[in-house]
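Pasting entry-v8.cif here (mmCIF, C-alpha atoms, pLDDT in the B column; chains and numbers go by the auth columns):
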```
data_work
#
loop_
_atom_site.group_PDB
_atom_site.id
_atom_site.type_symbol
_atom_site.label_atom_id
_atom_site.label_comp_id
_atom_site.label_asym_id
_atom_site.label_seq_id
_atom_site.Cartn_x
_atom_site.Cartn_y
_atom_site.Cartn_z
_atom_site.B_iso_or_equiv
_atom_site.auth_seq_id
_atom_site.auth_asym_id
ATOM 1 C CA MET A 1 -16.785 21.853 -18.374 68.00 1205 A
ATOM 2 C CA SER A 2 -19.740 22.986 -20.478 75.00 1206 A
ATOM 3 C CA PRO A 3 -23.062 23.826 -18.742 79.00 1207 A
ATOM 4 C CA PRO A 4 -24.885 20.695 -20.070 79.00 1208 A
ATOM 5 C CA LYS A 5 -22.031 18.419 -18.956 79.00 1209 A
ATOM 6 C CA LEU A 6 -21.903 20.166 -15.601 82.00 1210 A
ATOM 7 C CA ALA A 7 -25.651 19.638 -15.141 83.00 1211 A
ATOM 8 C CA VAL A 8 -25.373 15.936 -16.023 82.00 1212 A
ATOM 9 C CA ALA A 9 -22.428 15.536 -13.635 82.00 1213 A
ATOM 10 C CA ALA A 10 -24.418 17.257 -10.861 84.00 1214 A
ATOM 11 C CA ILE A 11 -27.404 14.959 -11.460 90.00 1215 A
ATOM 12 C CA VAL A 12 -25.191 11.849 -11.426 83.00 1216 A
ATOM 13 C CA VAL A 13 -23.431 12.926 -8.213 84.00 1217 A
ATOM 14 C CA THR A 14 -26.730 13.795 -6.538 90.00 1218 A
ATOM 15 C CA THR A 15 -28.285 10.484 -7.595 88.00 1219 A
ATOM 16 C CA LEU A 16 -25.281 8.475 -6.369 81.00 1220 A
ATOM 17 C CA GLY A 17 -25.321 10.397 -3.097 80.00 1221 A
ATOM 18 C CA ALA A 18 -29.029 9.686 -2.625 81.00 1222 A
ATOM 19 C CA VAL A 19 -28.551 5.971 -3.376 79.00 1223 A
ATOM 20 C CA ALA A 20 -25.606 5.807 -0.946 75.00 1224 A
ATOM 21 C CA ALA A 21 -27.645 7.599 1.739 75.00 1225 A
ATOM 22 C CA VAL A 22 -30.556 5.176 1.362 76.00 1226 A
ATOM 23 C CA MET A 23 -28.294 2.113 1.302 71.00 1227 A
ATOM 24 C CA THR A 24 -26.261 3.110 4.367 69.00 1228 A
ATOM 25 C CA ARG A 25 -28.934 4.662 6.600 73.00 1229 A
ATOM 26 C CA GLY A 26 -28.841 3.091 10.035 71.00 1230 A
ATOM 27 C CA MET A 27 -25.831 0.855 9.332 67.00 1231 A
ATOM 28 C CA GLY A 28 -23.649 2.531 11.911 69.00 1232 A
ATOM 29 C CA PHE A 29 -19.927 2.905 11.503 71.00 1233 A
ATOM 30 C CA THR A 30 -17.484 0.016 11.640 70.00 1234 A
ATOM 31 C CA SER A 31 -14.204 -0.930 10.061 70.00 1235 A
ATOM 32 C CA ARG A 32 -15.021 -4.593 10.535 74.00 1236 A
ATOM 33 C CA ALA A 33 -17.437 -4.807 7.619 76.00 1237 A
ATOM 34 C CA GLN A 34 -16.233 -5.739 4.152 81.00 1238 A
ATOM 35 C CA PRO A 35 -16.833 -3.238 1.347 82.00 1239 A
ATOM 36 C CA SER A 36 -19.560 -4.359 -1.037 82.00 1240 A
ATOM 37 C CA THR A 37 -18.700 -5.275 -4.622 87.00 1241 A
ATOM 38 C CA PHE A 38 -20.544 -2.130 -5.728 83.00 1242 A
ATOM 39 C CA GLU A 39 -18.516 0.035 -3.342 83.00 1243 A
ATOM 40 C CA GLU A 40 -15.236 -1.555 -4.490 85.00 1244 A
ATOM 41 C CA ARG A 41 -16.056 -0.940 -8.149 86.00 1245 A
ATOM 42 C CA ILE A 42 -17.074 2.656 -7.529 83.00 1246 A
ATOM 43 C CA MET A 43 -13.941 3.386 -5.497 85.00 1247 A
ATOM 44 C CA ARG A 44 -11.573 1.667 -7.969 84.00 1248 A
ATOM 45 C CA GLY A 45 -13.239 3.628 -10.767 84.00 1249 A
ATOM 46 C CA ALA A 46 -12.919 6.876 -8.815 83.00 1250 A
ATOM 47 C CA ARG A 47 -9.252 6.166 -8.069 84.00 1251 A
ATOM 48 C CA SER A 48 -8.546 5.401 -11.723 84.00 1252 A
ATOM 49 C CA TRP A 49 -10.453 8.485 -12.850 85.00 1253 A
ATOM 50 C CA ALA A 50 -8.524 10.709 -10.437 86.00 1254 A
ATOM 51 C CA VAL A 51 -5.055 9.689 -11.677 90.00 1255 A
ATOM 52 C CA PRO A 52 -3.951 12.192 -14.317 92.00 1256 A
ATOM 53 C CA SER A 53 -3.511 10.484 -17.697 92.00 1257 A
ATOM 54 C CA GLU A 54 0.105 11.651 -18.042 95.00 1258 A
ATOM 55 C CA VAL A 55 0.922 10.042 -14.679 93.00 1259 A
ATOM 56 C CA ARG A 56 -0.953 6.841 -15.591 93.00 1260 A
ATOM 57 C CA ARG A 57 1.176 6.545 -18.752 95.00 1261 A
ATOM 58 C CA ALA A 58 4.468 7.452 -17.016 96.00 1262 A
ATOM 59 C CA THR A 59 7.392 5.089 -17.430 96.00 1263 A
ATOM 60 C CA ASN A 60 9.166 4.027 -14.264 98.00 1264 A
ATOM 61 C CA PRO A 61 12.582 5.719 -14.233 97.00 1265 A
ATOM 62 C CA ALA A 62 13.913 3.398 -11.498 98.00 1266 A
ATOM 63 C CA GLU A 63 16.079 0.692 -12.987 96.00 1267 A
ATOM 64 C CA ASP A 64 15.092 -2.913 -12.450 95.00 1268 A
ATOM 65 C CA THR A 65 18.314 -3.957 -10.730 97.00 1269 A
ATOM 66 C CA PRO A 66 19.091 -6.073 -7.662 97.00 1270 A
ATOM 67 C CA ALA A 67 20.349 -2.928 -5.876 97.00 1271 A
ATOM 68 C CA VAL A 68 17.060 -1.068 -6.483 98.00 1272 A
ATOM 69 C CA ILE A 69 15.029 -4.085 -5.355 97.00 1273 A
ATOM 70 C CA ARG A 70 17.205 -4.431 -2.215 97.00 1274 A
ATOM 71 C CA ASP A 71 16.814 -0.735 -1.294 97.00 1275 A
ATOM 72 C CA ALA A 72 13.069 -0.778 -1.985 97.00 1276 A
ATOM 73 C CA MET A 73 12.712 -4.022 -0.020 97.00 1277 A
ATOM 74 C CA ALA A 74 14.267 -2.327 3.016 97.00 1278 A
ATOM 75 C CA HIS A 75 11.970 0.676 2.556 97.00 1279 A
ATOM 76 C CA TRP A 76 8.936 -1.626 2.219 97.00 1280 A
ATOM 77 C CA ALA A 77 9.897 -3.600 5.348 97.00 1281 A
ATOM 78 C CA ASP A 78 10.215 -0.379 7.339 95.00 1282 A
ATOM 79 C CA HIS A 79 7.265 1.637 5.979 95.00 1283 A
ATOM 80 C CA CYS A 80 4.751 -0.667 4.264 97.00 1284 A
ATOM 81 C CA ALA A 81 4.911 -4.104 5.879 97.00 1285 A
ATOM 82 C CA SER A 82 2.944 -3.130 8.994 96.00 1286 A
ATOM 83 C CA CYS A 83 -0.199 -3.001 6.827 96.00 1287 A
ATOM 84 C CA HIS A 84 0.691 -4.961 3.679 97.00 1288 A
ATOM 85 C CA GLY A 85 2.976 -7.589 5.258 97.00 1289 A
ATOM 86 C CA ASN A 86 6.476 -8.384 4.096 98.00 1290 A
ATOM 87 C CA ASP A 87 4.990 -10.620 1.406 98.00 1291 A
ATOM 88 C CA GLY A 88 2.421 -8.014 0.264 98.00 1292 A
ATOM 89 C CA ALA A 89 -0.584 -10.189 1.174 98.00 1293 A
ATOM 90 C CA GLY A 90 -2.093 -7.611 3.554 96.00 1294 A
ATOM 91 C CA GLN A 91 -2.636 -10.280 6.197 96.00 1295 A
ATOM 92 C CA THR A 92 -1.342 -8.324 9.173 96.00 1296 A
ATOM 93 C CA THR A 93 -3.334 -7.356 12.250 94.00 1297 A
ATOM 94 C CA LEU A 94 -3.348 -3.765 11.078 93.00 1298 A
ATOM 95 C CA GLY A 95 -3.961 -4.525 7.402 94.00 1299 A
ATOM 96 C CA ARG A 96 -6.954 -6.821 8.022 94.00 1300 A
ATOM 97 C CA ASN A 97 -8.620 -4.260 10.290 92.00 1301 A
ATOM 98 C CA LEU A 98 -8.483 -1.281 7.930 91.00 1302 A
ATOM 99 C CA TYR A 99 -11.534 -0.265 5.929 88.00 1303 A
ATOM 100 C CA PRO A 100 -11.164 -1.315 3.267 91.00 1304 A
ATOM 101 C CA PRO A 101 -8.626 -3.957 4.282 93.00 1305 A
ATOM 102 C CA ALA A 102 -5.115 -3.608 2.873 94.00 1306 A
ATOM 103 C CA PRO A 103 -5.120 -5.294 -0.538 95.00 1307 A
ATOM 104 C CA ASP A 104 -3.031 -8.270 -1.546 97.00 1308 A
ATOM 105 C CA MET A 105 -0.427 -6.462 -3.627 97.00 1309 A
ATOM 106 C CA ARG A 106 0.483 -9.663 -5.489 98.00 1310 A
ATOM 107 C CA THR A 107 -2.896 -10.102 -7.168 97.00 1311 A
ATOM 108 C CA SER A 108 -3.874 -9.004 -10.648 96.00 1312 A
ATOM 109 C CA ARG A 109 -5.956 -6.118 -9.242 93.00 1313 A
ATOM 110 C CA THR A 110 -2.756 -4.427 -8.174 96.00 1314 A
ATOM 111 C CA GLN A 111 -0.286 -5.942 -10.624 97.00 1315 A
ATOM 112 C CA ASN A 112 -2.443 -4.854 -13.597 96.00 1316 A
ATOM 113 C CA MET A 113 -2.286 -1.201 -12.537 96.00 1317 A
ATOM 114 C CA SER A 114 0.190 0.866 -14.543 96.00 1318 A
ATOM 115 C CA ASP A 115 3.470 1.890 -12.946 97.00 1319 A
ATOM 116 C CA GLY A 116 2.198 5.468 -12.977 97.00 1320 A
ATOM 117 C CA GLU A 117 -0.983 4.513 -11.107 96.00 1321 A
ATOM 118 C CA LEU A 118 1.012 2.666 -8.443 97.00 1322 A
ATOM 119 C CA PHE A 119 3.397 5.618 -8.143 97.00 1323 A
ATOM 120 C CA TYR A 120 0.456 8.001 -7.743 96.00 1324 A
ATOM 121 C CA VAL A 121 -1.051 5.889 -4.954 96.00 1325 A
ATOM 122 C CA VAL A 122 2.278 5.697 -3.103 97.00 1326 A
ATOM 123 C CA GLU A 123 2.904 9.440 -3.484 96.00 1327 A
ATOM 124 C CA ARG A 124 -0.634 10.762 -2.911 95.00 1328 A
ATOM 125 C CA GLY A 125 -2.291 8.049 -0.808 93.00 1329 A
ATOM 126 C CA ILE A 126 -5.955 7.083 -1.062 91.00 1330 A
ATOM 127 C CA PRO A 127 -8.394 9.273 0.876 88.00 1331 A
ATOM 128 C CA LEU A 128 -10.853 7.580 3.248 84.00 1332 A
ATOM 129 C CA THR A 129 -8.672 4.460 3.507 88.00 1333 A
ATOM 130 C CA GLY A 130 -5.644 3.603 5.593 90.00 1334 A
ATOM 131 C CA MET A 131 -3.275 4.348 2.680 94.00 1335 A
ATOM 132 C CA PRO A 132 -1.248 7.436 3.583 94.00 1336 A
ATOM 133 C CA ALA A 133 0.465 9.766 1.141 94.00 1337 A
ATOM 134 C CA TRP A 134 4.172 8.942 1.353 94.00 1338 A
ATOM 135 C CA GLY A 135 5.316 11.649 -1.062 93.00 1339 A
ATOM 136 C CA ASN A 136 7.288 14.410 0.601 94.00 1340 A
ATOM 137 C CA GLY A 137 7.871 16.698 -2.382 92.00 1341 A
ATOM 138 C CA THR A 138 11.576 15.941 -2.695 96.00 1342 A
ATOM 139 C CA ALA A 139 13.485 14.341 -5.567 96.00 1343 A
ATOM 140 C CA GLU A 140 14.680 11.670 -3.113 97.00 1344 A
ATOM 141 C CA GLY A 141 11.085 10.915 -2.134 96.00 1345 A
ATOM 142 C CA VAL A 142 10.020 10.623 -5.777 97.00 1346 A
ATOM 143 C CA ARG A 143 12.936 8.257 -6.454 97.00 1347 A
ATOM 144 C CA GLN A 144 11.965 6.082 -3.474 97.00 1348 A
ATOM 145 C CA SER A 145 8.332 5.933 -4.624 98.00 1349 A
ATOM 146 C CA TRP A 146 9.357 4.771 -8.102 98.00 1350 A
ATOM 147 C CA GLU A 147 11.651 2.173 -6.517 98.00 1351 A
ATOM 148 C CA LEU A 148 8.730 0.955 -4.395 98.00 1352 A
ATOM 149 C CA VAL A 149 6.781 0.445 -7.618 98.00 1353 A
ATOM 150 C CA ARG A 150 9.644 -1.816 -8.803 98.00 1354 A
ATOM 151 C CA PHE A 151 9.401 -3.720 -5.523 98.00 1355 A
ATOM 152 C CA ILE A 152 5.610 -4.049 -5.792 98.00 1356 A
ATOM 153 C CA ARG A 153 6.186 -5.694 -9.184 98.00 1357 A
ATOM 154 C CA HIS A 154 8.693 -8.025 -7.483 98.00 1358 A
ATOM 155 C CA LEU A 155 6.332 -9.095 -4.662 98.00 1359 A
ATOM 156 C CA PRO A 156 4.828 -12.111 -6.501 98.00 1360 A
ATOM 157 C CA ARG A 157 8.372 -13.508 -6.892 97.00 1361 A
ATOM 158 C CA LEU A 158 9.702 -12.956 -3.340 97.00 1362 A
ATOM 159 C CA THR A 159 11.944 -15.744 -2.175 97.00 1363 A
ATOM 160 C CA PRO A 160 11.971 -17.286 1.305 97.00 1364 A
ATOM 161 C CA ALA A 161 15.454 -15.797 1.809 97.00 1365 A
ATOM 162 C CA GLU A 162 14.157 -12.318 0.982 97.00 1366 A
ATOM 163 C CA LEU A 163 11.276 -12.738 3.447 97.00 1367 A
ATOM 164 C CA THR A 164 13.724 -13.761 6.159 96.00 1368 A
ATOM 165 C CA GLN A 165 15.896 -10.748 5.368 96.00 1369 A
ATOM 166 C CA MET A 166 12.857 -8.463 5.550 96.00 1370 A
ATOM 167 C CA GLU A 167 11.944 -9.744 9.012 95.00 1371 A
ATOM 168 C CA GLN A 168 15.267 -8.356 10.208 94.00 1372 A
ATOM 169 C CA LEU A 169 14.416 -4.990 8.630 94.00 1373 A
ATOM 170 C CA ASN A 170 10.960 -4.618 10.187 94.00 1374 A
ATOM 171 C CA PRO A 171 10.662 -1.964 12.911 91.00 1375 A
ATOM 172 C CA ARG A 172 10.812 -3.246 16.470 86.00 1376 A
ATOM 173 C CA SER A 173 9.295 -1.745 19.571 82.00 1377 A
ATOM 174 C CA PRO A 174 11.510 -0.991 22.568 85.00 1378 A
ATOM 175 C CA ALA A 175 9.920 -3.971 24.344 86.00 1379 A
ATOM 176 C CA GLN A 176 10.856 -6.285 21.455 79.00 1380 A
ATOM 177 C CA GLU A 177 14.412 -4.939 21.427 80.00 1381 A
ATOM 178 C CA GLN A 178 14.700 -5.490 25.192 85.00 1382 A
ATOM 179 C CA GLN A 179 13.380 -9.038 24.864 86.00 1383 A
ATOM 180 C CA GLU A 180 15.855 -9.796 22.059 81.00 1384 A
ATOM 181 C CA LYS A 181 18.705 -8.363 24.175 83.00 1385 A
ATOM 182 C CA GLN A 182 17.694 -10.548 27.117 86.00 1386 A
ATOM 183 C CA ILE A 183 17.652 -13.627 24.884 83.00 1387 A
ATOM 184 C CA ASP A 184 21.043 -12.734 23.410 81.00 1388 A
ATOM 185 C CA ASP A 185 22.465 -12.109 26.905 83.00 1389 A
ATOM 186 C CA PHE A 186 21.093 -15.445 28.109 87.00 1390 A
ATOM 187 C CA LEU A 187 22.448 -17.351 25.142 85.00 1391 A
ATOM 188 C CA SER A 188 25.877 -15.735 25.510 84.00 1392 A
ATOM 189 C CA GLY A 189 25.976 -16.460 29.256 82.00 1393 A
ATOM 190 C CA HIS A 190 25.798 -12.821 30.351 79.00 1394 A
ATOM 191 C CA SER A 191 22.448 -12.978 32.135 67.00 1395 A
ATOM 192 C CA HIS A 192 21.954 -13.430 35.850 61.00 1396 A
#
```
Take the structure in the file and give it back as structure tokens.
Amino acid sequence: MSPPKLAVAAIVVTTLGAVAAVMTRGMGFTSRAQPSTFEERIMRGARSWAVPSEVRRATNPAEDTPAVIRDAMAHWADHCASCHGNDGAGQTTLGRNLYPPAPDMRTSRTQNMSDGELFYVVERGIPLTGMPAWGNGTAEGVRQSWELVRFIRHLPRLTPAELTQMEQLNPRSPAQEQQEKQIDDFLSGHSH
């Protein structure tokens, strides 16, 4: 970066920092507040700016097949649904209480992102949010991330049968498993 551009960037960053400091002074910390429109725009812009252009333009190598969707659906149900919900709406206890809340993955804000941008978010996460980096540096991990992008594209068209199938794939706590076993034992006549 040339010295004049560096100076302008430093002034812009300093100014934005000063504005943020003035606007947030005395607000306290809470994850219950909703991000302001200004904050959302700044953060979406920063996220977009941070994605390397070659990644943004990348073509998804995962085929759009029923098998890929099925595998990615199982991965989503196990890894993503606790925050985003099986349907991608983000209306889970965990998803609603993040700051910012987990987005509705079916809306145009997400669906209009390029495949490369979605891949980058899955692989690298989003700092200062609840979105973790799922990339593990392996070819298998990269393949799974691209398949998740295919599934994210599929979310607006999920069927009721797929949602029911996903419920069976969601992680269960030991207490839930014990309760299900007790119900099964009762229904089969093996309980006391």
From the options A:Gln1382, A:Thr1234, A:Gln1372, A:Gln1295, which residue's atoms come nearest to Met1277 of chain A, counting all atoms listed in the file?
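Ranking A:Gln1382, A:Thr1234, A:Gln1372, A:Gln1295 by distance to Met1277 of chain A, first place goes to A:Gln1372.
Going from atom CA of Thr1263 of chain A to atom CA of Tyr1324 of chain A covers 12.3 Å.
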Hey, could you make a per-residue contact list for segment 1212-1296 of chain A against segment 1325-1337 of chain A with 9 Å as the cut-off, showing the nearest pair of atoms and its distance in Å to one decimal, counting all atoms listed in the file, sorted by chain and number, as a Markdown table?
```
| residue | atom | partner | partner_atom | distance |
| --- | --- | --- | --- | --- |
| A:Arg1251 | CA | A:Ile1330 | CA | 7.8 |
| A:Val1255 | CA | A:Val1325 | CA | 8.7 |
| A:Cys1287 | CA | A:Gly1334 | CA | 8.6 |
```
Could you spell out the hits of the PyMOL selection byres ((chain A and resi 1303) around 8) on the shown file, as a list in words?
Ser1235, Arg1236, Ala1237, Gln1238, Pro1239, Asn1301, Leu1302, Pro1304, Pro1305, Ala1306, Thr1333 and Gly1334 of chain A
Which residues would end up in the selection if the PyMOL selection byres ((chain A and resi 1248) around 12) were applied here, given that I need the answer as a PyMOL selection string?
chain A and resi 1239+1241-1247+1249-1255+1304+1313-1314+1317+1321+1325+1330
Distance query Ala1278 of chain A at most 7 Å, only C-alpha atoms, self and fewer than 3 positions along chain excluded, as a ChimeraX atom specification:
/A:1274-1275,1281-1282,1370,1373
Just how far from atom CA of Glu1351 of chain A is atom CA of Ala1276 of chain A, in Å to one decimal?
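Going from atom CA of Ala1276 of chain A over to atom CA of Glu1351 of chain A, I get 5.6 Å.
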Using all atoms listed in the file, determine which residues lie at most 8 Å from Ile1356 of chain A, disregarding the query and same-chain residues fewer than 2 positions distant; provide the list as a PyMOL selection string.
chain A and resi 1292+1309-1310+1315+1352-1354+1358-1359
Taking the file as shown, find all residues satisfying the PyMOL selection byres ((chain A and resi 1375) around 10) and write them as a PDB file with C-alpha atoms, keeping the file's coordinate frame.
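Just written: out.pdb:
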```pdb
ATOM      1  CA  ALA A1281       9.897  -3.600   5.348  1.00 97.00           C
ATOM      2  CA  ASP A1282      10.215  -0.379   7.339  1.00 95.00           C
ATOM      3  CA  HIS A1283       7.265   1.637   5.979  1.00 95.00           C
ATOM      4  CA  ALA A1285       4.911  -4.104   5.879  1.00 97.00           C
ATOM      5  CA  SER A1286       2.944  -3.130   8.994  1.00 96.00           C
ATOM      6  CA  GLU A1371      11.944  -9.744   9.012  1.00 95.00           C
ATOM      7  CA  GLN A1372      15.267  -8.356  10.208  1.00 94.00           C
ATOM      8  CA  LEU A1373      14.416  -4.990   8.630  1.00 94.00           C
ATOM      9  CA  ASN A1374      10.960  -4.618  10.187  1.00 94.00           C
ATOM     10  CA  ARG A1376      10.812  -3.246  16.470  1.00 86.00           C
ATOM     11  CA  SER A1377       9.295  -1.745  19.571  1.00 82.00           C
ATOM     12  CA  PRO A1378      11.510  -0.991  22.568  1.00 85.00           C
ATOM     13  CA  GLN A1380      10.856  -6.285  21.455  1.00 79.00           C
ATOM     14  CA  GLU A1381      14.412  -4.939  21.427  1.00 80.00           C
TER      15      GLU A1381
END
```
All file atoms of segment 1208-1221 of chain A boxed axis-aligned, 6 Å per side, centre plus edges, as lines of an AutoDock Vina configuration file:
```
center_x = -25.1
center_y = 14.6
center_z = -11.6
size_x = 18.4
size_y = 24.2
size_z = 29.0
```
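The spacing separating atom CA of Ala1343 of chain A from atom CA of His1279 of chain A amounts to 16.0 Å.
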Need the shell around Arg1260 of chain A: protein/DNA/RNA residues with any atom at most 7 Å away, counting all atoms listed in the file. Skip same-chain ones fewer than 2 positions apart. Format as a VMD selection string?
chain A and resid 1255 to 1258 1262 1318 1320 to 1321
